[in-house]
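Data first, discussion second: the structure below is written as structure tokens.
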Amino acid sequence: MRIALIGQPNCGKSTLFNQVAGYKAETGNFSGTTVSFTESKVRVLGEVVDVVDLPGTYSLAGTNPAEREVIKYLTSNAVDVVVNVLDASHLSYGLSMTVELLELDVPMVIALNMMDEADRIGIRVDVAALERLVGAPVIPMIASKGRGIKPLFVTAFKTGQNHEKPIQPEYSSDIEQYLSVLEKELAGVESHLNPRALGLKLLEGDEAIRKNIIAQKPAIEQDLQKIEKSIQHERGQSPDWVVNGERSGLADNLAKRVIRQGKRKTTFRDRLDDVLLHPVFGYLFLILILYLFFQVVYSVGGLVETPLMDLFGNLEVWLVSRFPNPDGFLTQILVALIQGISGGFAIVLPYLVPFLFGLGALEDIGYLPRVAFLMDSLMHRLGLHGKSIVPFILGFGCNVPAIMSTRILEDKRERFISAALSTLVPCAARLAVVFGLVAFYLGPLLGLVIYLFDLFVIALTAKILSKLVPDESPGLILEMPVYRIPTLKAVVNKAWWRIREFVVEAWPLLIAGSVVLSIFNYLDISKYLNILVRPLSWMLGLPSEVGVPLIFGILRKELSLVMLGQALGSMEFALVLTPVQMITYAVFVVFYVPCLATLVVIRKELGGRMMWQIAGLTILIATLASLVARGVSMIFY
Amino acid sequence: MKLLDIPKGRTVKILYFQGGKRLESKLRQLGINPGREVKVLRYAPMGGPVMLDVEGRSVALGRGIAARVIVEKT
């Protein structure tokens with residue numbers, strides 16, 4: 001038995017899933033799409049059933065690949081019963097998708113979630129009437145408090161077992177007549193949809209389905225055109241408009257018959273937006289909140305990083321001393337292994353963990369969409385939308401979660417540009433290079449100048465990229481969720497899933513890369529590497545020894561500073577580099593190829609091609625930017 | 001008249017959209033369909049988006065989109 005949870009974004013579907021699945025969930029990717037379906041085993045009435053958490057979608061129109069994948073999955077034999085999770089406090093919205101689900105004609109149960117929220121805003125739902133109208137069981141519940149979960153799964157289990165299907169929503173008599181004509185013709189056609197749903201999709205003008213059907217049964221095209229023409233003639237509107245309009249009408253009608261709106265009290269939460277989205281105070285709060293957020297992440301990270309680094313440093317020294325030959329092949333491999341492990345442990349995780357906790361909390365509170373609202377106009381000037389600000393902000397901590405957060409962007413173009421830009425944002429590690437080299441030797445003011453220069457380059461790149469890749473999306477359309485107090489369990493769960501992704505997918509590569517480079521080093525390939533990078537280092541007026549630290553820096557950006565000292569034979573950089581060289585080097589390091597962990601995440605989120613494109617792009621930007629930096633700093637030094 | 005021209009605090013009725021199918025279906029998903037009444041809650045400064053109250057839910061629309069939503073006063 002398999003139960004699928006489906007609902008619109010923010011209906012509490014994942015809260016429900018996490019309540020029953022706990023930490024046992026595993027994620028699975030469906031081929032060719034970025035839609036992830038999470039599945040878990042749950043015990044119901046003594047039997048083990050699979051519960052699948054489908055990604056939140058607003059509708060089942062099939063206009064994007066995620067929706068199409070969801071429809072296909074729901075109508076495949078894999079699912080025995082669909083649980084439609086609805087937010088009772090916003091019931092009139094959710095019902096439009098319920099109507100679409102009813103049309104799929106699969107066994108279904110409605111989970112009426114957030115009853116407490118509905119109560120708060122004075123909404124009463126007539127559960128019995130809803131059950132009667134849709135012909136499916138309706139279970140009122142409060143997922144966040146664990147209420148109603150057991151009855152929900154017991155009912156879902158029984159509905160799936162008995163294969164009870166809901167009532168089909170009825171359109172106007174003329175549309176119904178055309179539908180029955182289409183249904184007859186579509187009887188033998190092969191599709192995952194039932195003939196009636198197929199007929200509706202055809203009238204809605206679903207291109208993919210239309211092509212598929214006509215290929216199977218060419219005769220249908222003529223009749224379909226005839227029907228479309230008569231609808232257009234009789235209604236004076238295109239068939240897709242008529243069907244969509246009637247469907248919203250069906251949902252509205254359903255809503256009208258089951259919802260009783262009582263008096264709505266304005267609460268503290270309603271007034272919160274007046275302050276947080278205020279034309280002046282809104283921005284002040286934005287700066288304050290982000291400042292506090294980073295302050296906490298940096299101080300927690302810094303507190304943990306130093307002792308951990310020391311610990312691994314001592315471990316390394318101790319282990320090496322146990323070996324007779326400190327420069328031996330095995331010793332070198334061992335050192336590389338430790339460095340790879342400590343890189344994840346001491347440098348990435350101390351910042352990533354508090355960062356992801358804080359981010360999860362901000363997300364659950366509902367603040368991030370507000371940031372998008374406030375920043376939309378600025379981002380527009382760069383050719384982007386407000387939502388793209390989120391990965392951008394995250395990038396200052398670490399580029400890895402920044403890339404992960406591009407998931408919230410719907411369109412591919414926006415995702416590519418945002419991902420590319422967030423790799424240019426100086427993360428904590430690169431900041432260390434800027435501080436350790438430029439700010440330390442040439443003064444903090446110059447460090448700040450490099451920082452500002454970085455922001456300028458990002459803005460310029462955004463402008464150029466958004467010109468090169470034309471915008472297709474119509475603009476910002478974003479729902480502002482109600483402010484909620486996050487639950488510890490939800491925040492921990494979310495952070496844990498994201499940390500797990502780093503640990504399982506990026507970290508092993510970091511360790512492997514570290515080992516491979518130590519083998520290079522052992523075989524004395526360094527000088528060849530330096531020759532390889534020579535055209536670049538010559539162009540930038542840098543000594544040829546920078547080749548190795550630059551290549552190692554891809555592994556971990558801090559290495560480009562640490563290894564620079566080793567390569568030049570002195571950690572006292574003022575003795576071996578001129579000020580111009582320091583600035584040029586620091587600027588190059590800030591921009592060129594993001595670290596390996598980031599590259600791995602880009603590949604996972606956006607595919608290998610985009611990873612190479614972004615890597616190439618950043619080398620180009622780094623070269624140009626450091627040439628500019630070299631030229632300008634030569635005037636002053 | 002355009003939704004974009006409606007001052008803050010006013011309630012209007014949606015008439016139709018000047019735009020493609022994609023825009024229309026996206027707006028419908030958020031409950032912004034012809035016939036529905038929405039209230040303009042606030043505008044973000046410097047050409048930022050407009051925030052609407054759609055049956056108790058807040059939805060932000062970029063100005064480019066708000067210019068393509070045709071409404072009438074109630």
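The way I read the labels, and the way they are meant: chains A, B, ... in the order of the structure tokens, residue 1 as the first residue of every chain, and ligand 1 as the first ligand shown, with later ones counted on from there.
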Residues of chain B that approach chain A to 9 Å or less, counting only C-alpha atoms: could you list each one with the shortest pair of atoms and its distance in Å to one decimal, rows by chain and increasing residue number, as JSON lines?
```
{"residue": "B:Gly19", "atom": "CA", "partner": "A:Pro474", "partner_atom": "CA", "distance": 8.9}
{"residue": "B:Arg22", "atom": "CA", "partner": "A:Thr63", "partner_atom": "CA", "distance": 7.8}
{"residue": "B:Leu23", "atom": "CA", "partner": "A:Pro474", "partner_atom": "CA", "distance": 6.7}
{"residue": "B:Ser25", "atom": "CA", "partner": "A:Ala61", "partner_atom": "CA", "distance": 8.2}
{"residue": "B:Lys26", "atom": "CA", "partner": "A:Ile477", "partner_atom": "CA", "distance": 7.9}
{"residue": "B:Leu27", "atom": "CA", "partner": "A:Ile477", "partner_atom": "CA", "distance": 7.7}
{"residue": "B:Arg28", "atom": "CA", "partner": "A:Ser248", "partner_atom": "CA", "distance": 8.1}
{"residue": "B:Gln29", "atom": "CA", "partner": "A:Tyr58", "partner_atom": "CA", "distance": 5.6}
{"residue": "B:Leu30", "atom": "CA", "partner": "A:Tyr93", "partner_atom": "CA", "distance": 6.9}
{"residue": "B:Gly31", "atom": "CA", "partner": "A:Tyr93", "partner_atom": "CA", "distance": 5.8}
{"residue": "B:Asn33", "atom": "CA", "partner": "A:Ser248", "partner_atom": "CA", "distance": 8.0}
{"residue": "B:Pro34", "atom": "CA", "partner": "A:Gly245", "partner_atom": "CA", "distance": 8.5}
{"residue": "B:Arg42", "atom": "CA", "partner": "A:Leu277", "partner_atom": "CA", "distance": 8.6}
{"residue": "B:Tyr43", "atom": "CA", "partner": "A:Pro279", "partner_atom": "CA", "distance": 8.4}
{"residue": "B:Ala44", "atom": "CA", "partner": "A:Leu374", "partner_atom": "CA", "distance": 6.2}
{"residue": "B:Pro45", "atom": "CA", "partner": "A:Pro279", "partner_atom": "CA", "distance": 5.7}
{"residue": "B:Met46", "atom": "CA", "partner": "A:Ser377", "partner_atom": "CA", "distance": 6.3}
{"residue": "B:Gly47", "atom": "CA", "partner": "A:Ser377", "partner_atom": "CA", "distance": 5.7}
{"residue": "B:Gly48", "atom": "CA", "partner": "A:Ser377", "partner_atom": "CA", "distance": 4.4}
{"residue": "B:Pro49", "atom": "CA", "partner": "A:Phe373", "partner_atom": "CA", "distance": 6.5}
{"residue": "B:Val50", "atom": "CA", "partner": "A:Phe373", "partner_atom": "CA", "distance": 8.5}
{"residue": "B:Met51", "atom": "CA", "partner": "A:Phe373", "partner_atom": "CA", "distance": 8.5}
{"residue": "B:Glu55", "atom": "CA", "partner": "A:His90", "partner_atom": "CA", "distance": 7.9}
{"residue": "B:Gly56", "atom": "CA", "partner": "A:His90", "partner_atom": "CA", "distance": 7.6}
{"residue": "B:Arg57", "atom": "CA", "partner": "A:His90", "partner_atom": "CA", "distance": 7.2}
{"residue": "B:Ser58", "atom": "CA", "partner": "A:Met480", "partner_atom": "CA", "distance": 5.2}
{"residue": "B:Val59", "atom": "CA", "partner": "A:Glu479", "partner_atom": "CA", "distance": 4.3}
{"residue": "B:Ala60", "atom": "CA", "partner": "A:Leu478", "partner_atom": "CA", "distance": 5.1}
{"residue": "B:Leu61", "atom": "CA", "partner": "A:Ile477", "partner_atom": "CA", "distance": 4.8}
{"residue": "B:Gly62", "atom": "CA", "partner": "A:Leu476", "partner_atom": "CA", "distance": 4.6}
{"residue": "B:Arg63", "atom": "CA", "partner": "A:Gly475", "partner_atom": "CA", "distance": 7.9}
{"residue": "B:Gly64", "atom": "CA", "partner": "A:Gly475", "partner_atom": "CA", "distance": 6.4}
{"residue": "B:Ile65", "atom": "CA", "partner": "A:Gly475", "partner_atom": "CA", "distance": 6.3}
```
Dump C-alpha atoms for the selected residues as a PDB file, in the first residue's frame?
```pdb
ATOM      1  CA  GLY B  19      -1.113  38.581 -20.923  1.00  0.00           C
ATOM      2  CA  ARG B  22       1.173  31.220 -18.470  1.00  0.00           C
ATOM      3  CA  LEU B  23       0.625  34.437 -16.580  1.00  0.00           C
ATOM      4  CA  SER B  25      -2.657  30.276 -14.890  1.00  0.00           C
ATOM      5  CA  LYS B  26      -0.057  31.461 -12.401  1.00  0.00           C
ATOM      6  CA  LEU B  27      -2.372  34.183 -11.130  1.00  0.00           C
ATOM      7  CA  ARG B  28      -5.333  31.834 -10.960  1.00  0.00           C
ATOM      8  CA  GLN B  29      -3.311  29.433  -8.848  1.00  0.00           C
ATOM      9  CA  LEU B  30      -3.024  32.124  -6.229  1.00  0.00           C
ATOM     10  CA  GLY B  31      -6.720  32.822  -6.349  1.00  0.00           C
ATOM     11  CA  ASN B  33      -9.146  35.230 -10.984  1.00  0.00           C
ATOM     12  CA  PRO B  34     -11.651  37.418 -12.790  1.00  0.00           C
ATOM     13  CA  ARG B  42       0.936  48.224   0.188  1.00  0.00           C
ATOM     14  CA  TYR B  43       3.526  49.085  -2.429  1.00  0.00           C
ATOM     15  CA  ALA B  44       7.233  48.464  -1.944  1.00  0.00           C
ATOM     16  CA  PRO B  45       9.181  51.702  -2.504  1.00  0.00           C
ATOM     17  CA  MET B  46      11.163  52.582  -5.642  1.00  0.00           C
ATOM     18  CA  GLY B  47       9.072  50.676  -8.138  1.00  0.00           C
ATOM     19  CA  GLY B  48       8.862  47.546  -6.036  1.00  0.00           C
ATOM     20  CA  PRO B  49       6.005  45.059  -6.040  1.00  0.00           C
ATOM     21  CA  VAL B  50       2.442  45.561  -4.879  1.00  0.00           C
ATOM     22  CA  MET B  51       1.004  43.449  -2.081  1.00  0.00           C
ATOM     23  CA  GLU B  55      -9.349  36.448   0.630  1.00  0.00           C
ATOM     24  CA  GLY B  56      -7.186  36.835   3.700  1.00  0.00           C
ATOM     25  CA  ARG B  57      -3.993  35.730   2.031  1.00  0.00           C
ATOM     26  CA  SER B  58      -1.175  38.128   1.088  1.00  0.00           C
ATOM     27  CA  VAL B  59       0.209  37.928  -2.426  1.00  0.00           C
ATOM     28  CA  ALA B  60       2.965  40.104  -3.919  1.00  0.00           C
ATOM     29  CA  LEU B  61       2.919  40.980  -7.620  1.00  0.00           C
ATOM     30  CA  GLY B  62       5.718  42.676  -9.527  1.00  0.00           C
ATOM     31  CA  ARG B  63       4.657  45.998 -11.069  1.00  0.00           C
ATOM     32  CA  GLY B  64       5.077  44.573 -14.561  1.00  0.00           C
ATOM     33  CA  ILE B  65       2.407  42.063 -13.732  1.00  0.00           C
TER      34      ILE B  65
END
```
Q | Near-Asp5 of chain B list (12 Å; only C-alpha atoms; drop same-chain fewer than 4 positions) as a ChimeraX atom specification | A | /B:1,10,12,40,43,50,63,66-73
Mind dumping the selected residues with C-alpha atoms as a PDB file, in the first residue's frame?
```pdb
ATOM      1  CA  MET B   1      -8.136  50.475 -15.111  1.00  0.00           C
ATOM      2  CA  ARG B  10      -8.580  50.399  -1.900  1.00  0.00           C
ATOM      3  CA  VAL B  12     -11.109  46.423  -6.431  1.00  0.00           C
ATOM      4  CA  VAL B  40      -4.266  46.679  -2.241  1.00  0.00           C
ATOM      5  CA  TYR B  43       3.526  49.085  -2.429  1.00  0.00           C
ATOM      6  CA  VAL B  50       2.442  45.561  -4.879  1.00  0.00           C
ATOM      7  CA  ARG B  63       4.657  45.998 -11.069  1.00  0.00           C
ATOM      8  CA  ALA B  66       0.200  44.487 -11.829  1.00  0.00           C
ATOM      9  CA  ALA B  67       0.149  46.644 -14.976  1.00  0.00           C
ATOM     10  CA  ARG B  68      -1.387  43.730 -16.870  1.00  0.00           C
ATOM     11  CA  VAL B  69      -4.192  43.057 -14.402  1.00  0.00           C
ATOM     12  CA  ILE B  70      -7.283  45.030 -15.331  1.00  0.00           C
ATOM     13  CA  VAL B  71      -9.648  45.884 -12.487  1.00  0.00           C
ATOM     14  CA  GLU B  72     -12.671  47.990 -11.692  1.00  0.00           C
ATOM     15  CA  LYS B  73     -13.570  49.943  -8.579  1.00  0.00           C
TER      16      LYS B  73
END
```
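From atom CA of Ala428 of chain A back to atom CA of Phe392 of chain A, the distance works out to 13.6 Å.
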Q.
Give me the residues near Arg132 of chain A as a count of residues only, where near means some atom within 10 Å (using only C-alpha atoms) and where sequence neighbours in that chain fewer than 5 positions away do not count.
A. 5
Q | Close residues, Gly46 of chain A itself excluded, 12 Å, only C-alpha atoms, min 6 positions apart in chain, as a PyMOL selection string | A | chain A and resi 153-154+157
Q: Identify which of the residues B:Thr74, B:Lys21, B:Lys13, B:Asp53 lies closest to Gly35 of chain B, counting only C-alpha atoms when measuring atom-to-atom distances.
A: B:Lys13
Q: Excluding Arg43 of chain A and residues on its chain fewer than 5 positions from it, collect all residues at most 12 Å away from it, counting only C-alpha atoms, and give them as a ChimeraX atom specification.
A: /A:1-3,20-21,48-51,150,153-154,157
With only C-alpha atoms as the counted atoms, please give the residues lying no more than 10 Å from Leu130 of chain A, apart from itself and same-chain residues fewer than 2 positions off, as a PDB file with N, CA and C atoms, in the first residue's frame.
```pdb
ATOM      1  N   ILE A 110      -9.248  13.729   2.192  1.00  0.00           N
ATOM      2  CA  ILE A 110      -8.852  15.121   2.406  1.00  0.00           C
ATOM      3  C   ILE A 110      -8.397  15.317   3.846  1.00  0.00           C
ATOM      4  N   VAL A 125     -15.553  25.396   9.054  1.00  0.00           N
ATOM      5  CA  VAL A 125     -15.714  24.535   7.880  1.00  0.00           C
ATOM      6  C   VAL A 125     -16.733  23.446   8.188  1.00  0.00           C
ATOM      7  N   ASP A 126     -17.705  23.302   7.286  1.00  0.00           N
ATOM      8  CA  ASP A 126     -18.717  22.256   7.428  1.00  0.00           C
ATOM      9  C   ASP A 126     -18.141  20.957   6.850  1.00  0.00           C
ATOM     10  N   VAL A 127     -17.536  20.163   7.739  1.00  0.00           N
ATOM     11  CA  VAL A 127     -16.818  18.962   7.305  1.00  0.00           C
ATOM     12  C   VAL A 127     -17.762  17.962   6.634  1.00  0.00           C
ATOM     13  N   ALA A 128     -18.946  17.777   7.235  1.00  0.00           N
ATOM     14  CA  ALA A 128     -19.888  16.797   6.685  1.00  0.00           C
ATOM     15  C   ALA A 128     -20.321  17.190   5.271  1.00  0.00           C
ATOM     16  N   ARG A 132     -19.743  15.133   1.732  1.00  0.00           N
ATOM     17  CA  ARG A 132     -20.865  14.765   0.868  1.00  0.00           C
ATOM     18  C   ARG A 132     -20.627  15.281  -0.552  1.00  0.00           C
ATOM     19  N   LEU A 133     -20.094  16.487  -0.673  1.00  0.00           N
ATOM     20  CA  LEU A 133     -19.949  17.102  -1.997  1.00  0.00           C
ATOM     21  C   LEU A 133     -18.831  16.474  -2.824  1.00  0.00           C
ATOM     22  N   VAL A 134     -17.738  16.065  -2.177  1.00  0.00           N
ATOM     23  CA  VAL A 134     -16.628  15.497  -2.959  1.00  0.00           C
ATOM     24  C   VAL A 134     -16.651  13.972  -2.943  1.00  0.00           C
ATOM     25  N   GLY A 135     -17.431  13.389  -2.057  1.00  0.00           N
ATOM     26  CA  GLY A 135     -17.509  11.933  -2.001  1.00  0.00           C
ATOM     27  C   GLY A 135     -16.234  11.294  -1.511  1.00  0.00           C
ATOM     28  N   ALA A 136     -15.528  11.992  -0.622  1.00  0.00           N
ATOM     29  CA  ALA A 136     -14.300  11.439  -0.053  1.00  0.00           C
ATOM     30  C   ALA A 136     -14.257  11.810   1.429  1.00  0.00           C
ATOM     31  N   PRO A 137     -13.631  10.965   2.257  1.00  0.00           N
ATOM     32  CA  PRO A 137     -13.542  11.282   3.683  1.00  0.00           C
ATOM     33  C   PRO A 137     -12.742  12.558   3.926  1.00  0.00           C
ATOM     34  N   VAL A 138     -13.177  13.353   4.899  1.00  0.00           N
ATOM     35  CA  VAL A 138     -12.459  14.580   5.260  1.00  0.00           C
ATOM     36  C   VAL A 138     -12.071  14.489   6.735  1.00  0.00           C
ATOM     37  N   LEU A 254     -17.871  25.176  -4.213  1.00  0.00           N
ATOM     38  CA  LEU A 254     -17.566  24.240  -3.135  1.00  0.00           C
ATOM     39  C   LEU A 254     -17.233  25.015  -1.860  1.00  0.00           C
ATOM     40  N   ALA A 255     -16.396  26.017  -2.031  1.00  0.00           N
ATOM     41  CA  ALA A 255     -15.971  26.825  -0.888  1.00  0.00           C
ATOM     42  C   ALA A 255     -17.175  27.497  -0.241  1.00  0.00           C
ATOM     43  N   ARG A 257     -20.175  26.623  -0.169  1.00  0.00           N
ATOM     44  CA  ARG A 257     -21.102  25.723   0.522  1.00  0.00           C
ATOM     45  C   ARG A 257     -20.530  25.121   1.802  1.00  0.00           C
ATOM     46  N   VAL A 258     -19.227  25.179   1.988  1.00  0.00           N
ATOM     47  CA  VAL A 258     -18.686  24.559   3.206  1.00  0.00           C
ATOM     48  C   VAL A 258     -18.044  25.545   4.182  1.00  0.00           C
ATOM     49  N   ILE A 259     -17.727  26.770   3.712  1.00  0.00           N
ATOM     50  CA  ILE A 259     -17.039  27.716   4.592  1.00  0.00           C
ATOM     51  C   ILE A 259     -18.021  28.727   5.188  1.00  0.00           C
TER      52      ILE A 259
END
```
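Within chain B, the backbone-based DSSP assignment of alpha helix (DSSP H) covers Lys21, Arg22, Leu23, Glu24, Ser25, Lys26, Leu27, Arg28, Gln29, Arg63, Gly64, Ile65 and Ala66 of chain B.
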I need the chosen residues saved as a tab-separated table (two decimals), in the first residue's frame, with N, CA and C atoms.
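Written out: selection-v4.tsv:
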```tsv
chain	number	residue	atom	x	y	z
B	21	LYS	N	-1.16	32.87	-21.49
B	21	LYS	CA	-1.79	31.81	-20.74
B	21	LYS	C	-1.01	31.51	-19.46
B	22	ARG	N	0.32	31.58	-19.60
B	22	ARG	CA	1.17	31.22	-18.47
B	22	ARG	C	0.93	32.16	-17.30
B	23	LEU	N	0.86	33.44	-17.62
B	23	LEU	CA	0.63	34.44	-16.58
B	23	LEU	C	-0.73	34.19	-15.93
B	24	GLU	N	-1.71	33.95	-16.79
B	24	GLU	CA	-3.06	33.77	-16.28
B	24	GLU	C	-3.14	32.57	-15.34
B	25	SER	N	-2.53	31.46	-15.74
B	25	SER	CA	-2.66	30.28	-14.89
B	25	SER	C	-1.91	30.47	-13.58
B	26	LYS	N	-0.80	31.20	-13.65
B	26	LYS	CA	-0.06	31.46	-12.40
B	26	LYS	C	-0.87	32.32	-11.43
B	27	LEU	N	-1.57	33.31	-11.98
B	27	LEU	CA	-2.37	34.18	-11.13
B	27	LEU	C	-3.58	33.43	-10.56
B	28	ARG	N	-4.18	32.61	-11.41
B	28	ARG	CA	-5.33	31.83	-10.96
B	28	ARG	C	-4.95	30.91	-9.80
B	29	GLN	N	-3.76	30.34	-9.91
B	29	GLN	CA	-3.31	29.43	-8.85
B	29	GLN	C	-3.30	30.11	-7.49
B	63	ARG	N	5.46	44.94	-10.42
B	63	ARG	CA	4.66	46.00	-11.07
B	63	ARG	C	4.36	45.69	-12.52
B	64	GLY	N	5.30	44.96	-13.17
B	64	GLY	CA	5.08	44.57	-14.56
B	64	GLY	C	3.81	43.75	-14.69
B	65	ILE	N	3.59	42.91	-13.71
B	65	ILE	CA	2.41	42.06	-13.73
B	65	ILE	C	1.17	42.86	-13.34
B	66	ALA	N	1.33	43.69	-12.30
B	66	ALA	CA	0.20	44.49	-11.83
B	66	ALA	C	-0.32	45.40	-12.94
```
Q. How many Å lie between atom CA of Gly447 of chain A and atom CA of Gly301 of chain A, rounded to one decimal?
A.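 Computing the Euclidean distance for atom CA of Gly447 of chain A and atom CA of Gly301 of chain A yields 21.3 Å.
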Q: May I have all residues of segment 428-594 of chain A that DSSP, computed from the backbone, assigns to strand (DSSP E or B), given as a list in words?
A: Ile477, Leu478, Glu479 and Met480 of chain A
Q) What gap, in Å, lies between atom CA of Met539 of chain A and atom CA of Ala625 of chain A? A)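 According to the coordinates, atom CA of Met539 of chain A and atom CA of Ala625 of chain A are separated by 12.5 Å.
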